[in-house]
Amino acid sequence: MSLRLKAIYKDGAFVPISNSEKLNVSENAEVGITVHDPHILPPTATSDEERERALRELFASWDAHPLRADGPCLT
């Protein structure tokens with residue numbers, strides 16, 4: 001069985017956010033959890049043209065805002 005649900009991390013445990021759907025999981029059942037960083041959005045481009053446009057915009061932004069040579073070293 002595979003089920004996608006949202007949860008919050010509270011007091012050292014993941015607590016499901018209720019969506020009025022009953023979970024069909026028995027008490028003490030072992031489950032797998034994948035944690036996604038909430039600040040990273042999944043890609044929304046649906047075509048190669050969109051991805052190429054986004055990449056061109058990213059490069060243009062980098063060119064418009066270059067890193068200073070005497071700035072902090074990024075690692």
# chains A, B, ... in the order shown; residues from 1 in each chain; ligands from 1
>>> select_by_dssp(residues="chain A", states="strand (DSSP E or B)", output="ChimeraX atom specification")
/A:7-10,13-16
>>> write_last_selection(atoms="N, CA and C atoms", output="JSON list (two decimals), in the first residue's frame")
[["chain", "number", "residue", "atom", "x", "y", "z"],
["A", 7, "ALA", "N", 2.55, 15.91, 6.97],
["A", 7, "ALA", "CA", 2.76, 15.81, 8.41],
["A", 7, "ALA", "C", 3.59, 17.00, 8.86],
["A", 8, "ILE", "N", 3.57, 17.23, 10.17],
["A", 8, "ILE", "CA", 4.44, 18.23, 10.76],
["A", 8, "ILE", "C", 5.37, 17.52, 11.73],
["A", 9, "TYR", "N", 6.53, 18.08, 11.93],
["A", 9, "TYR", "CA", 7.48, 17.52, 12.88],
["A", 9, "TYR", "C", 7.29, 18.25, 14.19],
["A", 10, "LYS", "N", 6.87, 17.56, 15.23],
["A", 10, "LYS", "CA", 6.52, 18.20, 16.50],
["A", 10, "LYS", "C", 6.99, 17.32, 17.65],
["A", 13, "ALA", "N", 8.56, 13.93, 16.73],
["A", 13, "ALA", "CA", 7.80, 12.91, 16.00],
["A", 13, "ALA", "C", 7.07, 13.56, 14.82],
["A", 14, "PHE", "N", 6.84, 12.78, 13.78],
["A", 14, "PHE", "CA", 6.06, 13.26, 12.65],
["A", 14, "PHE", "C", 4.59, 13.02, 12.96],
["A", 15, "VAL", "N", 3.80, 14.08, 12.92],
["A", 15, "VAL", "CA", 2.38, 14.01, 13.23],
["A", 15, "VAL", "C", 1.60, 14.28, 11.95],
["A", 16, "PRO", "N", 0.80, 13.31, 11.47],
["A", 16, "PRO", "CA", 0.03, 13.53, 10.24],
["A", 16, "PRO", "C", -0.93, 14.70, 10.38]]
>>> select_by_dssp(residues="chain A", states="alpha helix (DSSP H)", output="list in words")
Asp48, Glu49, Glu50, Arg51, Glu52, Arg53, Ala54, Leu55, Arg56, Glu57, Leu58, Phe59, Ala60, Ser61, Trp62, Asp63 and Ala64 of chain A
>>> write_last_selection(atoms="N, CA, C and O atoms", output="short mmCIF file (atom, residue, chain, number, x, y, z; two decimals), in the first residue's frame")
data_model
loop_
_atom_site.label_atom_id
_atom_site.label_comp_id
_atom_site.auth_asym_id
_atom_site.auth_seq_id
_atom_site.Cartn_x
_atom_site.Cartn_y
_atom_site.Cartn_z
N ASP A 48 10.79 20.87 -22.97
CA ASP A 48 12.20 21.23 -23.13
C ASP A 48 12.36 22.73 -23.36
O ASP A 48 13.30 23.34 -22.86
N GLU A 49 11.42 23.34 -24.09
CA GLU A 49 11.49 24.78 -24.35
C GLU A 49 11.39 25.57 -23.05
O GLU A 49 12.12 26.54 -22.84
N GLU A 50 10.49 25.17 -22.16
CA GLU A 50 10.36 25.85 -20.87
C GLU A 50 11.63 25.72 -20.04
O GLU A 50 12.08 26.67 -19.41
N ARG A 51 12.21 24.51 -20.03
CA ARG A 51 13.45 24.29 -19.28
C ARG A 51 14.59 25.13 -19.85
O ARG A 51 15.37 25.73 -19.10
N GLU A 52 14.69 25.21 -21.17
CA GLU A 52 15.73 26.01 -21.81
C GLU A 52 15.54 27.49 -21.50
O GLU A 52 16.51 28.20 -21.22
N ARG A 53 14.29 27.98 -21.52
CA ARG A 53 14.01 29.38 -21.20
C ARG A 53 14.41 29.67 -19.75
O ARG A 53 15.05 30.69 -19.47
N ALA A 54 14.05 28.78 -18.83
CA ALA A 54 14.39 28.97 -17.42
C ALA A 54 15.90 29.00 -17.23
O ALA A 54 16.43 29.81 -16.45
N LEU A 55 16.62 28.15 -17.94
CA LEU A 55 18.08 28.11 -17.84
C LEU A 55 18.69 29.40 -18.38
O LEU A 55 19.60 29.97 -17.77
N ARG A 56 18.16 29.90 -19.51
CA ARG A 56 18.65 31.18 -20.06
C ARG A 56 18.41 32.32 -19.06
O ARG A 56 19.27 33.17 -18.86
N GLU A 57 17.23 32.32 -18.41
CA GLU A 57 16.93 33.35 -17.41
C GLU A 57 17.86 33.25 -16.21
O GLU A 57 18.30 34.27 -15.67
N LEU A 58 18.19 32.02 -15.80
CA LEU A 58 19.11 31.83 -14.69
C LEU A 58 20.49 32.38 -15.04
O LEU A 58 21.10 33.13 -14.27
N PHE A 59 21.00 32.04 -16.23
CA PHE A 59 22.31 32.53 -16.66
C PHE A 59 22.30 34.06 -16.77
O PHE A 59 23.27 34.72 -16.38
N ALA A 60 21.22 34.64 -17.27
CA ALA A 60 21.13 36.10 -17.38
C ALA A 60 21.16 36.74 -16.00
O ALA A 60 21.80 37.78 -15.79
N SER A 61 20.49 36.12 -15.03
CA SER A 61 20.50 36.63 -13.66
C SER A 61 21.91 36.56 -13.07
O SER A 61 22.36 37.50 -12.39
N TRP A 62 22.61 35.46 -13.33
CA TRP A 62 23.99 35.34 -12.86
C TRP A 62 24.87 36.42 -13.47
O TRP A 62 25.71 37.01 -12.80
N ASP A 63 24.69 36.66 -14.79
CA ASP A 63 25.48 37.69 -15.46
C ASP A 63 25.17 39.08 -14.90
O ASP A 63 26.06 39.92 -14.78
N ALA A 64 23.91 39.32 -14.55
CA ALA A 64 23.50 40.63 -14.04
C ALA A 64 23.95 40.84 -12.59
O ALA A 64 24.06 41.98 -12.14
#
>>> atom_distance(atom1="CA of His39 in chain A", atom2="CA of Leu5 in chain A")
17.3 Å
>>> closest_residue(among="A:Leu3, A:Leu74, A:Leu41, A:Leu67", to="Lys22 in chain A", atoms="only C-alpha atoms")
A:Leu3
>>> atom_distance(atom1="CA of Thr34 in chain A", atom2="CA of Ser20 in chain A")
21.6 Å
>>> closest_residue(among="A:Thr44, A:Ala29, A:Asp70, A:Arg4", to="Ile17 in chain A", atoms="only C-alpha atoms")
A:Arg4
>>> atom_distance(atom1="CA of Thr75 in chain A", atom2="CA of Pro42 in chain A")
24.0 Å
>>> closest_residue(among="A:Val31, A:His65, A:Cys73, A:Lys6", to="Asn19 in chain A", atoms="only C-alpha atoms")
A:Lys6
